[in-house]
$ cat start26.txt   # compact mmCIF, C-alpha atoms
# COMPACT_ATOMS: atom_id res chain seq x y z
CA MET A 1 2.85 -31.45 -6.38
CA ILE A 2 1.44 -28.34 -4.71
CA LYS A 3 -0.95 -25.74 -6.12
CA ILE A 4 0.00 -22.11 -5.54
CA ASN A 5 -2.06 -19.00 -6.25
CA ILE A 6 0.02 -15.96 -7.20
CA LYS A 7 -1.42 -12.46 -6.92
CA CYS A 8 0.15 -9.87 -9.21
CA PHE A 9 0.13 -6.13 -8.60
CA SER A 10 1.58 -3.00 -10.16
CA GLN A 11 4.84 -3.69 -12.02
CA VAL A 12 4.42 -7.46 -11.61
CA LYS A 13 0.96 -7.29 -13.15
CA TYR A 14 2.32 -5.07 -15.93
CA ALA A 15 5.27 -7.39 -16.62
CA LEU A 16 3.24 -10.63 -16.66
CA ASP A 17 0.08 -9.08 -18.12
CA THR A 18 -2.16 -10.84 -15.61
CA ASP A 19 -3.44 -10.21 -12.11
CA GLU A 20 -3.39 -13.82 -11.03
CA LEU A 21 -1.47 -17.01 -11.81
CA ARG A 22 -2.10 -20.55 -10.67
CA LEU A 23 0.93 -22.82 -10.76
CA GLU A 24 1.59 -26.44 -9.88
CA LEU A 25 5.00 -26.80 -8.30
CA LYS A 26 7.16 -29.59 -6.96
CA ASN A 27 6.77 -30.39 -3.27
CA GLY A 28 9.34 -28.45 -1.29
CA THR A 29 9.51 -25.46 -3.65
CA THR A 30 10.52 -22.36 -1.71
CA SER A 31 9.43 -18.74 -1.98
CA VAL A 32 12.79 -17.65 -3.40
CA GLU A 33 12.70 -20.41 -6.03
CA LEU A 34 9.23 -19.24 -7.05
CA GLU A 35 10.48 -15.64 -7.28
CA LYS A 36 13.21 -16.83 -9.65
CA MET A 37 10.56 -18.54 -11.84
CA ILE A 38 8.45 -15.39 -11.89
CA ARG A 39 11.42 -13.25 -12.86
CA GLU A 40 12.26 -15.66 -15.69
CA LYS A 41 8.63 -15.62 -16.83
CA SER A 42 8.74 -11.82 -17.07
CA LYS A 43 11.55 -12.05 -19.66
CA GLY A 44 13.61 -9.29 -18.09
CA LYS A 45 10.73 -6.90 -17.39
CA LEU A 46 11.24 -7.31 -13.64
CA ASP A 47 15.02 -6.85 -13.79
CA GLY A 48 16.12 -4.22 -11.30
CA ILE A 49 12.78 -4.18 -9.50
CA SER A 50 13.04 -5.17 -5.85
CA MET A 51 10.20 -7.28 -4.51
CA ARG A 52 9.19 -8.35 -1.01
CA ILE A 53 7.37 -11.64 -0.71
CA ALA A 54 4.05 -12.09 1.08
CA VAL A 55 2.64 -15.54 1.78
CA ASN A 56 -0.99 -15.76 2.80
CA GLN A 57 -1.11 -11.96 3.08
CA LYS A 58 1.87 -11.60 5.44
CA TYR A 59 5.36 -10.41 4.60
CA ILE A 60 7.90 -13.17 5.15
CA PRO A 61 11.35 -12.16 6.47
CA ASN A 62 13.16 -15.25 5.12
CA ASP A 63 12.86 -17.88 2.44
CA ILE A 64 10.23 -20.48 3.34
CA LYS A 65 8.93 -23.73 1.92
CA LEU A 66 5.58 -23.25 0.19
CA HIS A 67 2.54 -25.41 0.91
CA ASP A 68 -0.43 -26.57 -1.12
CA GLY A 69 -3.03 -23.79 -1.35
CA ASP A 70 -0.68 -20.95 -0.38
CA GLU A 71 -1.38 -17.49 -1.76
CA VAL A 72 1.84 -15.74 -2.75
CA ALA A 73 2.38 -12.13 -3.79
CA PHE A 74 5.60 -10.53 -4.99
CA ILE A 75 5.32 -7.01 -3.71
CA PRO A 76 7.12 -4.34 -5.74
CA PRO A 77 7.88 -1.02 -3.96
CA VAL A 78 4.60 0.24 -2.52
CA GLN A 79 3.23 3.72 -3.25
CA GLY A 80 0.32 4.48 -0.95
CA GLY A 81 -0.52 7.97 0.18
CA MET B 1 -8.81 4.48 19.40
CA ILE B 2 -7.93 3.48 15.85
CA LYS B 3 -10.14 3.72 12.77
CA ILE B 4 -8.97 2.46 9.41
CA ASP B 5 -10.92 2.52 6.19
CA ILE B 6 -9.99 1.81 2.57
CA VAL B 7 -12.73 2.94 0.21
CA ASP B 8 -13.31 3.21 -3.53
CA ARG B 9 -15.26 6.47 -3.46
CA PRO B 10 -14.50 10.13 -2.63
CA LEU B 11 -13.33 10.46 0.96
CA GLU B 12 -15.60 11.90 3.59
CA PHE B 13 -13.42 13.65 6.14
CA PHE B 14 -13.63 12.91 9.84
CA PRO B 15 -15.87 15.49 11.52
CA ASN B 16 -14.63 18.01 14.10
CA ASP B 17 -15.02 16.78 17.65
CA ASP B 18 -15.27 19.52 20.27
CA SER B 19 -15.77 17.01 23.08
CA ARG B 20 -12.02 16.22 23.26
CA LEU B 21 -11.13 18.04 26.46
CA GLN B 22 -7.72 16.38 26.98
CA ASP B 23 -6.37 16.82 23.44
CA GLY B 24 -4.54 20.09 22.83
CA ALA B 25 -3.56 19.09 19.30
CA GLU B 26 -5.60 17.87 16.37
CA LEU B 27 -3.55 17.11 13.28
CA ILE B 28 -5.08 16.57 9.88
CA PHE B 29 -3.17 15.42 6.82
CA ASN B 30 -4.69 15.20 3.36
CA GLY B 31 -2.70 13.65 0.53
CA ARG B 32 -3.84 14.91 -2.87
CA VAL B 33 -3.17 13.88 -6.44
CA ARG B 34 -0.73 16.18 -8.24
CA ALA B 35 -1.14 17.07 -11.91
CA THR B 36 2.30 15.73 -12.87
CA GLU B 37 4.25 12.51 -12.43
CA HIS B 38 7.97 12.87 -13.11
CA GLY B 39 7.26 15.93 -15.22
CA ASP B 40 4.51 14.32 -17.32
CA SER B 41 0.95 15.61 -17.13
CA ILE B 42 -1.61 13.15 -15.81
CA THR B 43 -5.36 13.29 -15.42
CA ALA B 44 -5.67 10.92 -12.47
CA LEU B 45 -4.02 8.22 -10.43
CA GLU B 46 -5.58 4.83 -10.06
CA TYR B 47 -4.80 3.25 -6.69
CA GLU B 48 -4.58 -0.52 -6.54
CA GLN B 49 -4.56 -2.40 -3.24
CA TYR B 50 -3.83 -5.93 -2.14
CA GLU B 51 -7.28 -6.42 -0.69
CA GLY B 52 -7.23 -7.67 2.88
CA MET B 53 -3.49 -7.30 3.39
CA ALA B 54 -3.53 -3.54 2.78
CA GLU B 55 -6.12 -2.95 5.48
CA ASN B 56 -4.38 -5.33 7.92
CA GLU B 57 -1.00 -3.65 7.39
CA LEU B 58 -2.55 -0.22 7.79
CA PHE B 59 -4.22 -1.25 11.04
CA GLN B 60 -1.01 -2.80 12.41
CA LEU B 61 0.90 0.33 11.48
CA ALA B 62 -1.67 2.50 13.28
CA GLU B 63 -1.33 0.28 16.37
CA GLU B 64 2.46 0.59 16.26
CA THR B 65 2.18 4.38 15.91
CA CYS B 66 -0.09 4.58 18.95
CA LYS B 67 2.41 2.51 20.97
CA LYS B 68 5.47 4.42 19.79
CA PHE B 69 4.09 7.94 20.37
CA PRO B 70 1.95 9.30 23.23
CA ILE B 71 -1.08 10.06 21.09
CA HIS B 72 -4.70 9.32 21.88
CA ASP B 73 -6.38 8.46 18.60
CA LEU B 74 -5.41 7.82 14.98
CA PHE B 75 -7.98 7.71 12.21
CA CYS B 76 -7.04 7.00 8.59
CA LYS B 77 -8.91 6.70 5.32
CA HIS B 78 -7.23 5.69 2.07
CA ARG B 79 -8.96 5.82 -1.27
CA VAL B 80 -8.48 3.21 -4.01
CA GLY B 81 -9.62 3.17 -7.63
CA ARG B 82 -9.48 6.27 -9.82
CA VAL B 83 -8.64 9.52 -8.03
CA ASN B 84 -8.66 12.60 -10.24
CA VAL B 85 -6.03 15.32 -10.07
CA GLY B 86 -6.74 17.58 -7.09
CA GLU B 87 -8.78 15.00 -5.18
CA THR B 88 -7.80 13.53 -1.83
CA SER B 89 -6.34 10.03 -1.72
CA LEU B 90 -5.31 9.90 1.95
CA HIS B 91 -6.89 11.47 5.02
CA VAL B 92 -5.28 11.05 8.44
CA ALA B 93 -6.33 12.59 11.76
CA ILE B 94 -4.32 12.34 14.98
CA TRP B 95 -5.22 13.73 18.39
CA SER B 96 -2.66 14.22 21.15
CA LYS B 97 -2.21 16.16 24.37
CA HIS B 98 0.64 18.30 22.94
CA ARG B 99 1.45 19.20 19.35
CA GLN B 100 4.96 17.79 19.02
CA GLU B 101 4.08 14.16 19.67
CA GLY B 102 1.20 14.45 17.22
CA ILE B 103 3.44 15.95 14.52
CA ASP B 104 6.10 13.27 15.07
CA ALA B 105 3.48 10.50 15.00
CA MET B 106 1.93 11.83 11.79
CA SER B 107 5.28 12.04 10.04
CA TRP B 108 6.35 8.53 11.09
CA PHE B 109 2.96 7.01 10.21
CA ILE B 110 3.03 8.41 6.67
CA VAL B 111 6.67 7.47 6.05
CA GLU B 112 5.97 3.90 7.17
CA LEU B 113 2.73 3.72 5.18
CA LYS B 114 4.74 4.48 2.05
CA LYS B 115 7.16 1.66 2.89
CA ARG B 116 4.91 -1.22 3.78
CA VAL B 117 1.19 -0.90 3.01
CA PRO B 118 0.54 -2.80 -0.25
CA ILE B 119 -1.08 -0.03 -2.27
CA TRP B 120 0.21 1.09 -5.66
CA LYS B 121 -0.46 3.89 -8.12
CA TRP B 122 -1.11 3.69 -11.84
CA ALA B 123 -0.74 6.96 -13.69
CA ILE B 124 -3.56 7.82 -16.10
CA MET B 125 -1.89 9.89 -18.79
CA GLU B 126 -3.52 12.63 -20.87
CA ASP B 127 -3.87 10.26 -23.84
CA GLY B 128 -5.79 7.80 -21.64
CA SER B 129 -2.98 5.24 -21.33
CA ARG B 130 -2.43 3.63 -17.94
CA ILE B 131 1.06 2.82 -16.67
CA PRO B 132 2.46 1.81 -13.27
CA SER B 133 3.65 4.91 -11.47
CA GLU B 134 7.40 5.09 -10.94
CA CYS B 135 6.93 7.26 -7.90
CA SER B 136 8.15 5.44 -4.80
CA HIS B 137 9.35 6.69 -1.43
CA GLY B 138 10.24 3.39 0.20
$ encode --input "start26.txt" --output "structure tokens"
Amino acid sequence: MIKINIKCFSQVKYALDTDELRLELKNGTTSVELEKMIREKSKGKLDGISMRIAVNQKYIPNDIKLHDGDEVAFIPPVQGG
Amino acid sequence: MIKIDIVDRPLEFFPNDDSRLQDGAELIFNGRVRATEHGDSITALEYEQYEGMAENELFQLAEETCKKFPIHDLFCKHRVGRVNVGETSLHVAIWSKHRQEGIDAMSWFIVELKKRVPIWKWAIMEDGSRIPSECSHG
């Protein structure tokens, strides 16, 4: 098993009602599989919201295998400025 | 030179610098909080950042801007936390030899900032409720 720390912001925070989640996942779980779990957990509140994935504070261009201790954030459309 | 700062207090603007003898253009952009969001009155926006990543992305973006356009310096301050209507949330200064490259650089920098820097807005409504802003320009 691997331990993953998930940071939640904006609509993700609103949908899950938390700013941080700690999950234990099967070895080999990928970023896209985790996104699917998060969307299911939101019970439809994240439907239609596009999210980029950041692992250890960097955007990832493709699906990757997660590792023990990774910090993952699902980034809804940003709104700085 | 690049200067990037994300702060949770009112922004202090970059001071005038009359020693810049090679820069014919000094561009200043201030982003301010409007009184309405999608037609609804608000009292403030609360800016939330992904601490660490937001500053890194902003710095990388400033570096890319300085490579892409022939400008000399780019300074940027972004405020987080509660920003009341009328207050400044973003302050950018760019210096360049001629105006056009500075204007182009400023425009590109702000467009890209709104696409990739992990900062979000929560609207503080008149009744005190707090909801994620739907305003996005990505």
$ atom_distance --input "start26.txt" --atom1 "atom CA of Ser41 of chain B" --atom2 "atom CA of Ser89 of chain B"
17.9 Å
$ interface_residues --input "start26.txt" --of "chain B" --to "chain A" --cutoff "9 Å" --atoms "only C-alpha atoms" --output "PyMOL selection string"
chain B and resi 30-32+47-50+52-54+56-57+78-79+89-91+110+113-122+131-138
$ write_last_selection --input "start26.txt" --atoms "C-alpha atoms" --output "compact mmCIF listing (two decimals), keeping the file's coordinate frame"
# COMPACT_ATOMS: atom_id res chain seq x y z
CA ASN B 30 -4.69 15.20 3.36
CA GLY B 31 -2.70 13.65 0.53
CA ARG B 32 -3.84 14.91 -2.87
CA TYR B 47 -4.80 3.25 -6.69
CA GLU B 48 -4.58 -0.52 -6.54
CA GLN B 49 -4.56 -2.40 -3.24
CA TYR B 50 -3.83 -5.93 -2.14
CA GLY B 52 -7.23 -7.67 2.88
CA MET B 53 -3.49 -7.30 3.39
CA ALA B 54 -3.53 -3.54 2.78
CA ASN B 56 -4.38 -5.33 7.92
CA GLU B 57 -1.00 -3.65 7.39
CA HIS B 78 -7.23 5.69 2.07
CA ARG B 79 -8.96 5.82 -1.27
CA SER B 89 -6.34 10.03 -1.72
CA LEU B 90 -5.31 9.90 1.95
CA HIS B 91 -6.89 11.47 5.02
CA ILE B 110 3.03 8.41 6.67
CA LEU B 113 2.73 3.72 5.18
CA LYS B 114 4.74 4.48 2.05
CA LYS B 115 7.16 1.66 2.89
CA ARG B 116 4.91 -1.22 3.78
CA VAL B 117 1.19 -0.90 3.01
CA PRO B 118 0.54 -2.80 -0.25
CA ILE B 119 -1.08 -0.03 -2.27
CA TRP B 120 0.21 1.09 -5.66
CA LYS B 121 -0.46 3.89 -8.12
CA TRP B 122 -1.11 3.69 -11.84
CA ILE B 131 1.06 2.82 -16.67
CA PRO B 132 2.46 1.81 -13.27
CA SER B 133 3.65 4.91 -11.47
CA GLU B 134 7.40 5.09 -10.94
CA CYS B 135 6.93 7.26 -7.90
CA SER B 136 8.15 5.44 -4.80
CA HIS B 137 9.35 6.69 -1.43
CA GLY B 138 10.24 3.39 0.20
$ residues_around --input "start26.txt" --residues "Ser31 of chain A" --least-positions-apart "6" --cutoff "12 Å" --atoms "only C-alpha atoms" --output "PDB file with C-alpha atoms, keeping the file's coordinate frame"
ATOM      1  CA  ILE A   4       0.000 -22.110  -5.540  1.00  0.00           C
ATOM      2  CA  ILE A   6       0.020 -15.960  -7.200  1.00  0.00           C
ATOM      3  CA  LEU A  25       5.000 -26.800  -8.300  1.00  0.00           C
ATOM      4  CA  MET A  37      10.560 -18.540 -11.840  1.00  0.00           C
ATOM      5  CA  ILE A  38       8.450 -15.390 -11.890  1.00  0.00           C
ATOM      6  CA  MET A  51      10.200  -7.280  -4.510  1.00  0.00           C
ATOM      7  CA  ARG A  52       9.190  -8.350  -1.010  1.00  0.00           C
ATOM      8  CA  ILE A  53       7.370 -11.640  -0.710  1.00  0.00           C
ATOM      9  CA  ALA A  54       4.050 -12.090   1.080  1.00  0.00           C
ATOM     10  CA  VAL A  55       2.640 -15.540   1.780  1.00  0.00           C
ATOM     11  CA  ASN A  56      -0.990 -15.760   2.800  1.00  0.00           C
ATOM     12  CA  TYR A  59       5.360 -10.410   4.600  1.00  0.00           C
ATOM     13  CA  ILE A  60       7.900 -13.170   5.150  1.00  0.00           C
ATOM     14  CA  PRO A  61      11.350 -12.160   6.470  1.00  0.00           C
ATOM     15  CA  ASN A  62      13.160 -15.250   5.120  1.00  0.00           C
ATOM     16  CA  ASP A  63      12.860 -17.880   2.440  1.00  0.00           C
ATOM     17  CA  ILE A  64      10.230 -20.480   3.340  1.00  0.00           C
ATOM     18  CA  LYS A  65       8.930 -23.730   1.920  1.00  0.00           C
ATOM     19  CA  LEU A  66       5.580 -23.250   0.190  1.00  0.00           C
ATOM     20  CA  HIS A  67       2.540 -25.410   0.910  1.00  0.00           C
ATOM     21  CA  ASP A  70      -0.680 -20.950  -0.380  1.00  0.00           C
ATOM     22  CA  GLU A  71      -1.380 -17.490  -1.760  1.00  0.00           C
ATOM     23  CA  VAL A  72       1.840 -15.740  -2.750  1.00  0.00           C
ATOM     24  CA  ALA A  73       2.380 -12.130  -3.790  1.00  0.00           C
ATOM     25  CA  PHE A  74       5.600 -10.530  -4.990  1.00  0.00           C
TER      26      PHE A  74
END
$ residues_around --input "start26.txt" --residues "Phe69 of chain B" --least-positions-apart "3" --cutoff "9 Å" --atoms "all atoms listed in the file" --output "list in words"
Glu64, Thr65, Cys66, Glu101, Gly102, Asp104 and Ala105 of chain B
$ closest_residue --input "start26.txt" --among "B:Gly86, B:Ala44, B:Ile94, B:Phe59" --to "Ile124 of chain B" --atoms "all atoms listed in the file"
B:Ala44
$ residues_around --input "start26.txt" --residues "Ala25 of chain B" --least-positions-apart "6" --cutoff "7 Å" --atoms "only C-alpha atoms" --output "list of chain:residue names"
B:Trp95, B:Ser96, B:Lys97, B:His98, B:Arg99, B:Gly102
$ atom_distance --input "start26.txt" --atom1 "atom CA of Met106 of chain B" --atom2 "atom CA of Thr36 of chain B"
25.0 Å
$ residues_around --input "start26.txt" --residues "Ile4 of chain B" --least-positions-apart "3" --cutoff "9 Å" --atoms "all atoms listed in the file" --output "list in words"
Glu55, Leu58, Phe59, Ala62, Leu74, Phe75, Cys76, Lys77 and His78 of chain B
$ atom_distance --input "start26.txt" --atom1 "atom CA of Leu45 of chain B" --atom2 "atom CA of Asp8 of chain B"
12.6 Å
$ closest_residue --input "start26.txt" --among "B:His72, B:Gly81, B:Arg34, B:Phe109" --to "Leu21 of chain B" --atoms "only C-alpha atoms"
B:His72
$ closest_residue --input "start26.txt" --among "A:Asn27, A:Glu33, A:Lys45, A:Asp19" --to "Lys3 of chain A" --atoms "only C-alpha atoms"
A:Asn27
$ decode --input "start26.txt" --residues "segment 15-37 of chain B" --atoms "N, CA and C atoms" --output "PDB file, in the first residue's frame"
ATOM      1  N   PRO B  15       8.341  51.094  -6.292  1.00  0.00           N
ATOM      2  CA  PRO B  15       8.599  52.534  -6.398  1.00  0.00           C
ATOM      3  C   PRO B  15       9.099  52.930  -7.790  1.00  0.00           C
ATOM      4  N   ASN B  16       8.895  54.199  -8.145  1.00  0.00           N
ATOM      5  CA  ASN B  16       9.466  54.712  -9.398  1.00  0.00           C
ATOM      6  C   ASN B  16      10.979  54.593  -9.346  1.00  0.00           C
ATOM      7  N   ASP B  17      11.570  54.376 -10.529  1.00  0.00           N
ATOM      8  CA  ASP B  17      13.025  54.236 -10.571  1.00  0.00           C
ATOM      9  C   ASP B  17      13.549  55.091 -11.725  1.00  0.00           C
ATOM     10  N   ASP B  18      14.035  56.268 -11.398  1.00  0.00           N
ATOM     11  CA  ASP B  18      14.501  57.195 -12.434  1.00  0.00           C
ATOM     12  C   ASP B  18      15.920  56.891 -12.908  1.00  0.00           C
ATOM     13  N   SER B  19      16.509  55.815 -12.380  1.00  0.00           N
ATOM     14  CA  SER B  19      17.882  55.491 -12.795  1.00  0.00           C
ATOM     15  C   SER B  19      17.910  54.604 -14.048  1.00  0.00           C
ATOM     16  N   ARG B  20      16.743  54.261 -14.571  1.00  0.00           N
ATOM     17  CA  ARG B  20      16.675  53.350 -15.735  1.00  0.00           C
ATOM     18  C   ARG B  20      16.886  54.153 -17.029  1.00  0.00           C
ATOM     19  N   LEU B  21      18.118  54.252 -17.461  1.00  0.00           N
ATOM     20  CA  LEU B  21      18.439  55.118 -18.595  1.00  0.00           C
ATOM     21  C   LEU B  21      18.230  54.428 -19.942  1.00  0.00           C
ATOM     22  N   GLN B  22      18.102  53.100 -19.940  1.00  0.00           N
ATOM     23  CA  GLN B  22      17.932  52.361 -21.200  1.00  0.00           C
ATOM     24  C   GLN B  22      16.492  51.912 -21.432  1.00  0.00           C
ATOM     25  N   ASP B  23      15.604  52.201 -20.481  1.00  0.00           N
ATOM     26  CA  ASP B  23      14.218  51.751 -20.608  1.00  0.00           C
ATOM     27  C   ASP B  23      13.325  52.919 -20.988  1.00  0.00           C
ATOM     28  N   GLY B  24      12.801  52.865 -22.223  1.00  0.00           N
ATOM     29  CA  GLY B  24      11.898  53.936 -22.660  1.00  0.00           C
ATOM     30  C   GLY B  24      10.462  53.690 -22.236  1.00  0.00           C
ATOM     31  N   ALA B  25      10.182  52.477 -21.761  1.00  0.00           N
ATOM     32  CA  ALA B  25       8.793  52.155 -21.386  1.00  0.00           C
ATOM     33  C   ALA B  25       8.743  51.516 -20.005  1.00  0.00           C
ATOM     34  N   GLU B  26       7.834  52.015 -19.214  1.00  0.00           N
ATOM     35  CA  GLU B  26       7.562  51.418 -17.897  1.00  0.00           C
ATOM     36  C   GLU B  26       6.074  51.137 -17.861  1.00  0.00           C
ATOM     37  N   LEU B  27       5.719  49.859 -17.811  1.00  0.00           N
ATOM     38  CA  LEU B  27       4.299  49.498 -17.794  1.00  0.00           C
ATOM     39  C   LEU B  27       3.902  49.021 -16.416  1.00  0.00           C
ATOM     40  N   ILE B  28       2.770  49.536 -15.964  1.00  0.00           N
ATOM     41  CA  ILE B  28       2.241  49.129 -14.659  1.00  0.00           C
ATOM     42  C   ILE B  28       0.831  48.597 -14.869  1.00  0.00           C
ATOM     43  N   PHE B  29       0.552  47.428 -14.316  1.00  0.00           N
ATOM     44  CA  PHE B  29      -0.817  46.911 -14.351  1.00  0.00           C
ATOM     45  C   PHE B  29      -1.266  46.635 -12.920  1.00  0.00           C
ATOM     46  N   ASN B  30      -2.439  47.137 -12.576  1.00  0.00           N
ATOM     47  CA  ASN B  30      -3.029  46.820 -11.278  1.00  0.00           C
ATOM     48  C   ASN B  30      -4.369  46.134 -11.500  1.00  0.00           C
ATOM     49  N   GLY B  31      -4.515  44.926 -11.000  1.00  0.00           N
ATOM     50  CA  GLY B  31      -5.801  44.236 -11.049  1.00  0.00           C
ATOM     51  C   GLY B  31      -6.546  44.538  -9.761  1.00  0.00           C
ATOM     52  N   ARG B  32      -7.804  44.965  -9.896  1.00  0.00           N
ATOM     53  CA  ARG B  32      -8.584  45.355  -8.710  1.00  0.00           C
ATOM     54  C   ARG B  32      -9.856  44.537  -8.603  1.00  0.00           C
ATOM     55  N   VAL B  33     -10.374  44.453  -7.404  1.00  0.00           N
ATOM     56  CA  VAL B  33     -11.579  43.655  -7.155  1.00  0.00           C
ATOM     57  C   VAL B  33     -12.821  44.480  -7.506  1.00  0.00           C
ATOM     58  N   ARG B  34     -13.607  43.921  -8.438  1.00  0.00           N
ATOM     59  CA  ARG B  34     -14.869  44.558  -8.846  1.00  0.00           C
ATOM     60  C   ARG B  34     -15.956  44.309  -7.805  1.00  0.00           C
ATOM     61  N   ALA B  35     -16.998  45.134  -7.859  1.00  0.00           N
ATOM     62  CA  ALA B  35     -18.086  45.018  -6.875  1.00  0.00           C
ATOM     63  C   ALA B  35     -19.091  43.933  -7.225  1.00  0.00           C
ATOM     64  N   THR B  36     -18.982  43.367  -8.437  1.00  0.00           N
ATOM     65  CA  THR B  36     -19.954  42.336  -8.830  1.00  0.00           C
ATOM     66  C   THR B  36     -19.242  41.123  -9.409  1.00  0.00           C
ATOM     67  N   GLU B  37     -19.862  39.970  -9.189  1.00  0.00           N
ATOM     68  CA  GLU B  37     -19.414  38.711  -9.791  1.00  0.00           C
ATOM     69  C   GLU B  37     -20.625  38.119 -10.484  1.00  0.00           C
TER      70      GLU B  37
END
